[in-house]
$ cat target.cif   # mmCIF, C-alpha atoms
data_run
loop_
_atom_site.group_PDB
_atom_site.id
_atom_site.type_symbol
_atom_site.label_atom_id
_atom_site.label_comp_id
_atom_site.auth_asym_id
_atom_site.auth_seq_id
_atom_site.Cartn_x
_atom_site.Cartn_y
_atom_site.Cartn_z
ATOM 1 C CA MET C 24 17.629 17.021 -2.505
ATOM 2 C CA VAL C 25 14.320 15.806 -3.840
ATOM 3 C CA HIS C 26 12.820 17.766 -6.701
ATOM 4 C CA TRP C 27 9.094 18.495 -6.738
ATOM 5 C CA SER C 28 7.450 19.656 -9.939
ATOM 6 C CA ALA C 29 4.728 22.280 -9.873
ATOM 7 C CA GLU C 30 2.217 19.580 -10.744
ATOM 8 C CA GLU C 31 3.358 17.366 -7.873
ATOM 9 C CA LYS C 32 3.127 20.226 -5.390
ATOM 10 C CA GLN C 33 -0.374 20.951 -6.653
ATOM 11 C CA LEU C 34 -1.438 17.312 -6.319
ATOM 12 C CA ILE C 35 -0.094 17.227 -2.781
ATOM 13 C CA SER C 36 -1.674 20.445 -1.567
ATOM 14 C CA SER C 37 -5.024 19.882 -3.255
ATOM 15 C CA VAL C 38 -5.414 16.517 -1.533
ATOM 16 C CA TRP C 39 -4.013 17.719 1.788
ATOM 17 C CA GLY C 40 -6.368 20.697 1.775
ATOM 18 C CA LYS C 41 -9.319 18.324 1.947
ATOM 19 C CA VAL C 42 -7.938 15.934 4.559
ATOM 20 C CA ASN C 43 -9.466 15.811 8.028
ATOM 21 C CA VAL C 44 -6.216 15.273 9.899
ATOM 22 C CA GLU C 45 -7.831 13.872 13.027
ATOM 23 C CA GLU C 46 -10.037 11.341 11.220
ATOM 24 C CA CYS C 47 -7.486 10.339 8.649
ATOM 25 C CA GLY C 48 -4.683 10.050 11.176
ATOM 26 C CA ALA C 49 -6.799 7.917 13.500
ATOM 27 C CA GLU C 50 -7.845 5.645 10.657
ATOM 28 C CA ALA C 51 -4.351 5.254 9.251
ATOM 29 C CA LEU C 52 -2.837 4.347 12.601
ATOM 30 C CA ALA C 53 -5.705 1.984 13.429
ATOM 31 C CA ARG C 54 -5.283 0.195 10.110
ATOM 32 C CA LEU C 55 -1.528 -0.091 10.677
ATOM 33 C CA LEU C 56 -2.177 -1.844 13.989
ATOM 34 C CA ILE C 57 -4.866 -4.066 12.429
ATOM 35 C CA VAL C 58 -3.267 -4.997 9.108
ATOM 36 C CA TYR C 59 0.273 -5.342 10.528
ATOM 37 C CA PRO C 60 -0.408 -6.448 14.099
ATOM 38 C CA TRP C 61 3.282 -6.714 14.975
ATOM 39 C CA THR C 62 3.371 -2.910 14.938
ATOM 40 C CA GLN C 63 1.429 -3.067 18.195
ATOM 41 C CA ARG C 64 4.777 -3.780 19.823
ATOM 42 C CA PHE C 65 5.349 -0.037 20.112
ATOM 43 C CA PHE C 66 2.093 0.625 21.910
ATOM 44 C CA ASP C 67 2.052 -1.583 25.006
ATOM 45 C CA ASN C 68 0.611 1.210 27.103
ATOM 46 C CA PHE C 69 -2.289 1.950 24.765
ATOM 47 C CA GLY C 70 -4.720 -0.378 26.509
ATOM 48 C CA ASN C 71 -7.160 -2.521 24.575
ATOM 49 C CA LEU C 72 -5.867 -3.484 21.117
ATOM 50 C CA SER C 73 -7.453 -6.911 21.126
ATOM 51 C CA SER C 74 -9.657 -6.577 18.038
ATOM 52 C CA PRO C 75 -10.204 -4.281 15.048
ATOM 53 C CA THR C 76 -13.219 -2.778 16.839
ATOM 54 C CA ALA C 77 -11.197 -2.191 20.001
ATOM 55 C CA ILE C 78 -8.364 -0.613 18.034
ATOM 56 C CA ILE C 79 -10.643 1.676 16.021
ATOM 57 C CA GLY C 80 -12.441 2.831 19.175
ATOM 58 C CA ASN C 81 -9.299 3.217 21.267
ATOM 59 C CA PRO C 82 -8.906 6.896 22.249
ATOM 60 C CA LYS C 83 -5.121 6.641 22.542
ATOM 61 C CA VAL C 84 -4.925 5.294 19.013
ATOM 62 C CA ARG C 85 -7.057 8.170 17.749
ATOM 63 C CA ALA C 86 -5.005 10.758 19.607
ATOM 64 C CA HIS C 87 -1.708 9.338 18.450
ATOM 65 C CA GLY C 88 -2.929 8.993 14.891
ATOM 66 C CA LYS C 89 -3.821 12.666 14.913
ATOM 67 C CA LYS C 90 -0.367 13.540 16.271
ATOM 68 C CA VAL C 91 1.388 11.505 13.590
ATOM 69 C CA LEU C 92 -0.601 12.963 10.724
ATOM 70 C CA THR C 93 -0.239 16.497 12.071
ATOM 71 C CA SER C 94 3.496 15.964 11.933
ATOM 72 C CA PHE C 95 3.094 14.723 8.371
ATOM 73 C CA GLY C 96 1.487 18.086 7.638
ATOM 74 C CA GLU C 97 4.718 19.740 8.731
ATOM 75 C CA ALA C 98 6.567 17.717 6.134
ATOM 76 C CA ILE C 99 4.181 18.958 3.463
ATOM 77 C CA LYS C 100 4.884 22.554 4.502
ATOM 78 C CA ASN C 101 8.619 21.902 4.218
ATOM 79 C CA LEU C 102 9.039 19.796 1.104
ATOM 80 C CA GLU C 103 12.288 21.547 0.150
ATOM 81 C CA ASN C 104 13.787 20.932 3.541
ATOM 82 C CA LEU C 105 12.546 17.588 4.801
ATOM 83 C CA LYS C 106 15.717 16.162 6.298
ATOM 84 C CA ALA C 107 16.228 19.221 8.473
ATOM 85 C CA THR C 108 12.550 19.404 9.417
ATOM 86 C CA TYR C 109 12.560 15.793 10.592
ATOM 87 C CA SER C 110 16.054 15.717 12.062
ATOM 88 C CA LYS C 111 15.000 15.673 15.726
ATOM 89 C CA LEU C 112 12.069 13.360 15.043
ATOM 90 C CA SER C 113 14.404 10.967 13.294
ATOM 91 C CA GLU C 114 16.750 10.883 16.276
ATOM 92 C CA LEU C 115 13.793 10.322 18.563
ATOM 93 C CA HIS C 116 12.513 7.352 16.533
ATOM 94 C CA CYS C 117 15.978 5.820 16.537
ATOM 95 C CA ASP C 118 17.334 6.550 20.005
ATOM 96 C CA LYS C 119 14.258 6.613 22.197
ATOM 97 C CA LEU C 120 11.466 4.831 20.347
ATOM 98 C CA HIS C 121 13.606 2.191 18.581
ATOM 99 C CA VAL C 122 11.278 1.980 15.601
ATOM 100 C CA ASP C 123 12.445 -0.035 12.580
ATOM 101 C CA PRO C 124 12.180 2.395 9.630
ATOM 102 C CA GLU C 125 10.345 -0.282 7.661
ATOM 103 C CA ASN C 126 7.340 0.749 9.739
ATOM 104 C CA PHE C 127 7.388 4.222 8.153
ATOM 105 C CA ARG C 128 6.980 2.605 4.745
ATOM 106 C CA LEU C 129 4.084 0.483 5.997
ATOM 107 C CA LEU C 130 2.306 3.492 7.468
ATOM 108 C CA GLY C 131 2.863 5.475 4.273
ATOM 109 C CA ASP C 132 1.234 2.772 2.152
ATOM 110 C CA ILE C 133 -1.676 2.537 4.559
ATOM 111 C CA LEU C 134 -2.178 6.311 4.485
ATOM 112 C CA ILE C 135 -2.483 6.094 0.719
ATOM 113 C CA ILE C 136 -5.143 3.403 0.951
ATOM 114 C CA VAL C 137 -7.067 5.556 3.460
ATOM 115 C CA LEU C 138 -6.877 8.508 1.061
ATOM 116 C CA SER C 139 -8.028 6.266 -1.805
ATOM 117 C CA ALA C 140 -11.082 5.159 0.145
ATOM 118 C CA HIS C 141 -11.939 8.775 1.003
ATOM 119 C CA PHE C 142 -11.354 10.417 -2.349
ATOM 120 C CA GLY C 143 -12.403 7.621 -4.680
ATOM 121 C CA LYS C 144 -11.858 8.366 -8.364
ATOM 122 C CA ASP C 145 -10.421 11.800 -7.507
ATOM 123 C CA PHE C 146 -7.380 9.983 -6.196
ATOM 124 C CA THR C 147 -6.119 9.505 -9.733
ATOM 125 C CA PRO C 148 -3.075 7.464 -10.769
ATOM 126 C CA SER C 149 -1.042 10.710 -10.954
ATOM 127 C CA CYS C 150 -2.223 11.615 -7.503
ATOM 128 C CA GLN C 151 -1.255 8.232 -6.165
ATOM 129 C CA ALA C 152 2.139 8.351 -7.877
ATOM 130 C CA THR C 153 2.909 11.741 -6.302
ATOM 131 C CA TRP C 154 1.762 10.629 -2.882
ATOM 132 C CA GLN C 155 3.736 7.369 -3.062
ATOM 133 C CA LYS C 156 6.764 9.536 -3.796
ATOM 134 C CA LEU C 157 5.868 11.794 -0.859
ATOM 135 C CA VAL C 158 5.453 9.017 1.691
ATOM 136 C CA GLY C 159 8.682 7.455 0.457
ATOM 137 C CA VAL C 160 10.569 10.702 0.899
ATOM 138 C CA VAL C 161 9.056 11.285 4.335
ATOM 139 C CA ALA C 162 10.001 7.758 5.403
ATOM 140 C CA HIS C 163 13.519 8.348 4.125
ATOM 141 C CA ALA C 164 13.822 11.636 6.035
ATOM 142 C CA LEU C 165 12.597 9.981 9.224
ATOM 143 C CA ALA C 166 15.209 7.268 8.841
ATOM 144 C CA HIS C 167 17.990 9.676 7.979
ATOM 145 C CA LYS C 168 19.436 10.149 11.462
ATOM 146 C CA TYR C 169 19.488 6.462 12.303
ATOM 147 C CA HIS C 170 22.778 5.049 13.419
ATOM 148 C CA MET W 27 -1.638 -17.585 7.356
ATOM 149 C CA LEU W 28 -5.143 -16.955 6.015
ATOM 150 C CA THR W 29 -7.801 -17.666 8.603
ATOM 151 C CA ALA W 30 -11.249 -18.945 7.659
ATOM 152 C CA GLU W 31 -12.545 -15.415 8.228
ATOM 153 C CA ASP W 32 -9.860 -13.923 5.962
ATOM 154 C CA LYS W 33 -10.805 -16.349 3.204
ATOM 155 C CA LYS W 34 -14.462 -15.412 3.521
ATOM 156 C CA LEU W 35 -13.639 -11.690 3.323
ATOM 157 C CA VAL W 36 -11.391 -12.122 0.297
ATOM 158 C CA GLN W 37 -14.112 -14.051 -1.497
ATOM 159 C CA GLN W 38 -16.648 -11.378 -0.567
ATOM 160 C CA VAL W 39 -14.521 -8.573 -1.907
ATOM 161 C CA TRP W 40 -13.726 -10.489 -5.068
ATOM 162 C CA GLU W 41 -17.426 -10.994 -5.652
ATOM 163 C CA LYS W 42 -17.819 -7.213 -5.657
ATOM 164 C CA VAL W 43 -15.321 -6.794 -8.499
ATOM 165 C CA SER W 44 -16.487 -9.756 -10.508
ATOM 166 C CA GLY W 45 -18.333 -7.568 -12.987
ATOM 167 C CA HIS W 46 -15.400 -5.184 -13.476
ATOM 168 C CA GLN W 47 -12.420 -7.450 -13.723
ATOM 169 C CA GLU W 48 -10.983 -5.901 -16.842
ATOM 170 C CA ASP W 49 -11.243 -2.380 -15.434
ATOM 171 C CA VAL W 50 -9.717 -3.370 -12.109
ATOM 172 C CA GLY W 51 -6.832 -5.109 -13.844
ATOM 173 C CA ALA W 52 -6.106 -2.252 -16.229
ATOM 174 C CA GLU W 53 -6.306 0.380 -13.503
ATOM 175 C CA THR W 54 -4.077 -1.612 -11.164
ATOM 176 C CA LEU W 55 -1.373 -1.907 -13.794
ATOM 177 C CA GLU W 56 -1.701 1.718 -14.847
ATOM 178 C CA ARG W 57 -1.260 2.840 -11.258
ATOM 179 C CA MET W 58 1.678 0.529 -10.770
ATOM 180 C CA PHE W 59 3.486 1.879 -13.830
ATOM 181 C CA ALA W 60 2.778 5.470 -12.744
ATOM 182 C CA ALA W 61 3.768 5.092 -9.093
ATOM 183 C CA TYR W 62 6.626 2.619 -9.590
ATOM 184 C CA PRO W 63 8.272 3.329 -12.944
ATOM 185 C CA GLN W 64 10.849 0.607 -12.284
ATOM 186 C CA THR W 65 8.102 -1.939 -12.936
ATOM 187 C CA LYS W 66 7.941 -0.774 -16.550
ATOM 188 C CA THR W 67 11.291 -2.444 -17.158
ATOM 189 C CA TYR W 68 9.461 -5.747 -17.469
ATOM 190 C CA PHE W 69 7.274 -4.448 -20.288
ATOM 191 C CA PRO W 70 9.561 -2.829 -22.874
ATOM 192 C CA HIS W 71 7.446 -4.458 -25.569
ATOM 193 C CA PHE W 72 4.188 -2.877 -24.357
ATOM 194 C CA ASP W 73 2.436 0.309 -25.266
ATOM 195 C CA LEU W 74 2.077 1.741 -21.789
ATOM 196 C CA HIS W 75 -0.151 4.709 -22.612
ATOM 197 C CA HIS W 76 -3.405 5.164 -20.730
ATOM 198 C CA GLY W 77 -6.053 2.902 -22.209
ATOM 199 C CA SER W 78 -3.631 0.764 -24.200
ATOM 200 C CA ASP W 79 -5.053 -2.542 -25.391
ATOM 201 C CA GLN W 80 -1.996 -4.327 -24.104
ATOM 202 C CA ILE W 81 -2.492 -2.989 -20.597
ATOM 203 C CA ARG W 82 -6.165 -3.950 -20.662
ATOM 204 C CA GLY W 83 -5.315 -7.399 -21.956
ATOM 205 C CA HIS W 84 -2.602 -7.977 -19.440
ATOM 206 C CA GLY W 85 -4.643 -6.538 -16.577
ATOM 207 C CA LYS W 86 -7.409 -8.957 -17.463
ATOM 208 C CA LYS W 87 -4.923 -11.862 -17.339
ATOM 209 C CA VAL W 88 -3.586 -10.796 -13.946
ATOM 210 C CA VAL W 89 -7.048 -10.459 -12.415
ATOM 211 C CA ALA W 90 -8.120 -13.805 -13.903
ATOM 212 C CA ALA W 91 -5.122 -15.435 -12.244
ATOM 213 C CA LEU W 92 -5.992 -13.778 -8.939
ATOM 214 C CA SER W 93 -9.608 -14.921 -9.341
ATOM 215 C CA ASN W 94 -8.354 -18.442 -9.748
ATOM 216 C CA ALA W 95 -6.315 -18.000 -6.597
ATOM 217 C CA VAL W 96 -9.393 -16.730 -4.748
ATOM 218 C CA LYS W 97 -11.278 -19.893 -5.785
ATOM 219 C CA ASN W 98 -8.428 -22.036 -4.463
ATOM 220 C CA LEU W 99 -7.465 -20.368 -1.207
ATOM 221 C CA ASP W 100 -6.913 -23.722 0.468
ATOM 222 C CA ASN W 101 -4.381 -24.749 -2.109
ATOM 223 C CA LEU W 102 -2.616 -21.703 -3.470
ATOM 224 C CA SER W 103 0.639 -23.502 -4.164
ATOM 225 C CA GLN W 104 -1.010 -25.931 -6.526
ATOM 226 C CA ALA W 105 -3.406 -23.460 -8.115
ATOM 227 C CA LEU W 106 -0.592 -21.042 -8.939
ATOM 228 C CA SER W 107 1.994 -23.696 -9.730
ATOM 229 C CA GLU W 108 2.239 -22.946 -13.436
ATOM 230 C CA LEU W 109 2.390 -19.216 -12.848
ATOM 231 C CA SER W 110 5.037 -19.836 -10.259
ATOM 232 C CA ASN W 111 7.127 -21.676 -12.860
ATOM 233 C CA LEU W 112 6.544 -18.937 -15.407
ATOM 234 C CA HIS W 113 7.724 -16.194 -13.051
ATOM 235 C CA ALA W 114 10.728 -18.182 -11.876
ATOM 236 C CA TYR W 115 12.050 -19.494 -15.158
ATOM 237 C CA ASN W 116 10.725 -17.240 -17.909
ATOM 238 C CA LEU W 117 9.732 -13.860 -16.586
ATOM 239 C CA ARG W 118 12.265 -13.748 -13.771
ATOM 240 C CA VAL W 119 10.709 -10.699 -12.151
ATOM 241 C CA ASP W 120 12.929 -9.788 -9.220
ATOM 242 C CA PRO W 121 11.241 -11.607 -6.330
ATOM 243 C CA SER W 122 11.815 -8.743 -3.929
ATOM 244 C CA ARG W 123 9.371 -6.807 -6.113
ATOM 245 C CA PHE W 124 6.712 -9.240 -4.969
ATOM 246 C CA SER W 125 7.627 -8.742 -1.344
ATOM 247 C CA SER W 126 7.791 -4.974 -1.650
ATOM 248 C CA GLN W 127 4.108 -5.325 -2.468
ATOM 249 C CA LEU W 128 4.019 -2.949 -5.410
ATOM 250 C CA LEU W 129 1.237 -4.782 -7.223
ATOM 251 C CA SER W 130 -0.604 -5.454 -3.972
ATOM 252 C CA GLN W 131 -0.532 -1.776 -3.025
ATOM 253 C CA CYS W 132 -1.933 -0.702 -6.380
ATOM 254 C CA LEU W 133 -4.628 -3.380 -6.404
ATOM 255 C CA GLN W 134 -5.674 -2.311 -2.926
ATOM 256 C CA VAL W 135 -5.783 1.337 -3.952
ATOM 257 C CA VAL W 136 -8.123 0.386 -6.814
ATOM 258 C CA LEU W 137 -10.329 -1.616 -4.457
ATOM 259 C CA ALA W 138 -10.365 1.267 -1.951
ATOM 260 C CA VAL W 139 -11.173 3.796 -4.681
ATOM 261 C CA HIS W 140 -14.131 1.734 -5.810
ATOM 262 C CA LEU W 141 -15.393 0.485 -2.454
ATOM 263 C CA GLY W 142 -14.740 3.557 -0.293
ATOM 264 C CA LYS W 143 -15.863 2.879 3.276
ATOM 265 C CA ASP W 144 -16.668 -0.704 2.308
ATOM 266 C CA TYR W 145 -12.950 -1.351 2.083
ATOM 267 C CA THR W 146 -13.005 -1.922 5.820
ATOM 268 C CA PRO W 147 -9.903 -2.501 7.963
ATOM 269 C CA GLU W 148 -10.852 -6.189 8.219
ATOM 270 C CA ILE W 149 -11.124 -6.567 4.442
ATOM 271 C CA HIS W 150 -7.942 -4.517 3.967
ATOM 272 C CA SER W 151 -6.135 -6.891 6.297
ATOM 273 C CA ALA W 152 -7.464 -10.032 4.571
ATOM 274 C CA VAL W 153 -6.605 -8.784 1.073
ATOM 275 C CA ASP W 154 -3.126 -7.735 2.184
ATOM 276 C CA LYS W 155 -2.529 -11.197 3.614
ATOM 277 C CA PHE W 156 -3.925 -12.845 0.484
ATOM 278 C CA MET W 157 -1.628 -10.860 -1.836
ATOM 279 C CA SER W 158 1.258 -11.658 0.480
ATOM 280 C CA ALA W 159 0.472 -15.362 0.180
ATOM 281 C CA VAL W 160 0.229 -15.092 -3.615
ATOM 282 C CA ALA W 161 3.586 -13.309 -3.761
ATOM 283 C CA ALA W 162 5.200 -16.007 -1.637
ATOM 284 C CA VAL W 163 3.917 -18.765 -3.935
ATOM 285 C CA LEU W 164 5.063 -16.920 -7.053
ATOM 286 C CA ALA W 165 8.558 -16.601 -5.623
ATOM 287 C CA GLU W 166 8.684 -20.225 -4.401
ATOM 288 C CA LYS W 167 10.591 -21.730 -7.297
ATOM 289 C CA TYR W 168 13.137 -19.015 -7.867
ATOM 290 C CA ARG W 169 15.993 -21.011 -6.435
#

$ encode --input "target.cif" --output "C-alpha cells"
Amino acid sequence: MVHWSAEEKQLISSVWGKVNVEECGAEALARLLIVYPWTQRFFDNFGNLSSPTAIIGNPKVRAHGKKVLTSFGEAIKNLENLKATYSKLSELHCDKLHVDPENFRLLGDILIIVLSAHFGKDFTPSCQATWQKLVGVVAHALAHKYH
Amino acid sequence: MLTAEDKKLVQQVWEKVSGHQEDVGAETLERMFAAYPQTKTYFPHFDLHHGSDQIRGHGKKVVAALSNAVKNLDNLSQALSELSNLHAYNLRVDPSRFSSQLLSQCLQVVLAVHLGKDYTPEIHSAVDKFMSAVAAVLAEKYR
C-alpha cells in the first residue's frame, strides 16, 4: 500500500482543484499522440491525426482526453485504494484494449508537463515530486491486473 | 531522428533560455533530485540543499553541455564524444537512467514552467526527441 503524507495529499488536491479537466485532458492526450506518435496505434478510428493541428482540433481526441482525465480524478479521490479502484479498468486495458503499460508512464509524464505549463512557478519542485509519485502509482495500478 | 524543423525549434527554445542558463540548470537538477531521489546516489559528495553552490555549478555545466549539443545538432556523436567517454568510463551512470528520461522530464518541466503556452506541442516534441538523441549518444560507449 502506498503511503501519502498530509503534505502530499495537500499538494495533490490543491493542484487538482484548479485543473480544468476537459482542457487539460484534451491537451495531455493530444500531446501524447504528437510527441509519441506510435501511441496513435490505439486510435485508428479517431479520424484525422495527420498533424499536430489536426490532432489538437480533433473532437474525438478532446472527448477521450476528458474521459481519461476524469478517470484520473477518481484515482485522486481513492488514493488509499487505487488497485481496487482501477481493477476493472486494468483488466480492460489488458484484455480488450491491449495497451502496453509503458504508455501509462508516457501519459503521466506528459500530464505533468501540461500542468507545469499551466501553473508555472506554482508547480514547485515539491509539487512535481508528489505528482510524479502520483502518476507512477496510477500507472502501476492500471498495470496491476495484466497477465 | 531530428528533422530540420525539430532542429529549428530546439534552437529557438534554447535561444529563449540563453539568458538564464544557470537558473535552468540548477532548477532542473533540483527537481530531478526531488522527484527521483535515486538520482542522488550519483552525488554523495554534493550538498544537495536548495540553492547549494554545487548544484548551481553543476547545473551550469549540464546546460553548457546541452548548449553545445544544440549548436551541433548535425553531429551530436562528435560534439558529445568526450562526455560520452566520461559517462561510460568514469561516471558510469546506469544507462537506463538516460532512457527513462529522468533528466529530460525535469528539464522539460522547467521549460514548461517558464514558457507556459509557448512550450507548444511541436516544441515539446522536438525537445523530447533532442534529449532522447543526447541520451543515446551518452550511452553509446558503455559496452

$ resolve_selection --input "target.cif" --expression "the PyMOL selection byres ((chain C and resi 169) around 7)" --output "list in words"
Ser113, Glu114, Cys117, Ala166, His167, Lys168 and His170 of chain C

$ closest_residue --input "target.cif" --among "C:Val122, C:Val84, C:Val42, C:Leu157" --to "chain W" --atoms "only C-alpha atoms"
C:Leu157

$ interface_residues --input "target.cif" --of "chain W" --to "chain C" --cutoff "6 Å" --atoms "all atoms listed in the file" --output "ChimeraX atom specification"
/W:57,60-61,135,138-139,142,147,151

$ residues_around --input "target.cif" --residues "region 27-33 of chain W" --least-positions-apart "3" --cutoff "9 Å" --atoms "only C-alpha atoms" --output "list in words"
Val36, Gln37, Gln38, Val96, Leu99, Asp100, Glu148, Ile149, Ser151, Ala152, Val153, Lys155, Phe156 and Ala159 of chain W

$ closest_residue --input "target.cif" --among "W:Ala52, W:Met157, W:Leu164, W:Leu112" --to "Val136 (chain W)" --atoms "all atoms listed in the file"
W:Ala52

$ atom_distance --input "target.cif" --atom1 "CA of Leu133 (chain W)" --atom2 "CA of Gln80 (chain W)"
17.9 Å

$ atom_distance --input "target.cif" --atom1 "CA of Gly70 (chain C)" --atom2 "CA of Ala49 (chain C)"
15.6 Å

$ closest_residue --input "target.cif" --among "W:Leu128, W:Val50, W:Ala105, W:Ala161" --to "Ile81 (chain W)" --atoms "only C-alpha atoms"
W:Val50

$ residues_around --input "target.cif" --residues "Leu105 (chain C)" --least-positions-apart "2" --cutoff "12 Å" --atoms "all atoms listed in the file" --output "MDAnalysis selection string"
chainID C and resid 24:26 94:103 107:113 157:167

$ closest_residue --input "target.cif" --among "W:Ser122, W:Val43, W:Arg169, W:Glu56" --to "Ser78 (chain W)" --atoms "only C-alpha atoms"
W:Glu56

$ atom_distance --input "target.cif" --atom1 "CA of Val89 (chain W)" --atom2 "CA of Gly51 (chain W)"
5.5 Å

$ closest_residue --input "target.cif" --among "W:Pro70, W:Lys167, W:Arg82, W:Val160" --to "Leu129 (chain W)" --atoms "only C-alpha atoms"
W:Val160

$ resolve_selection --input "target.cif" --expression "the PyMOL selection byres ((chain C and resi 43-46) around 9)" --output "JSON, numbers by chain"
{"C": [39, 40, 41, 42, 47, 48, 49, 50, 51, 85, 86, 88, 89, 90, 92, 93, 96]}

$ axis_aligned_box --input "target.cif" --around "region 79-82 of chain C" --padding-each-side "5 Å" --output "AutoDock Vina command-line options"
--center_x -10.7 --center_y 4.3 --center_z 19.1 --size_x 13.5 --size_y 15.2 --size_z 16.2
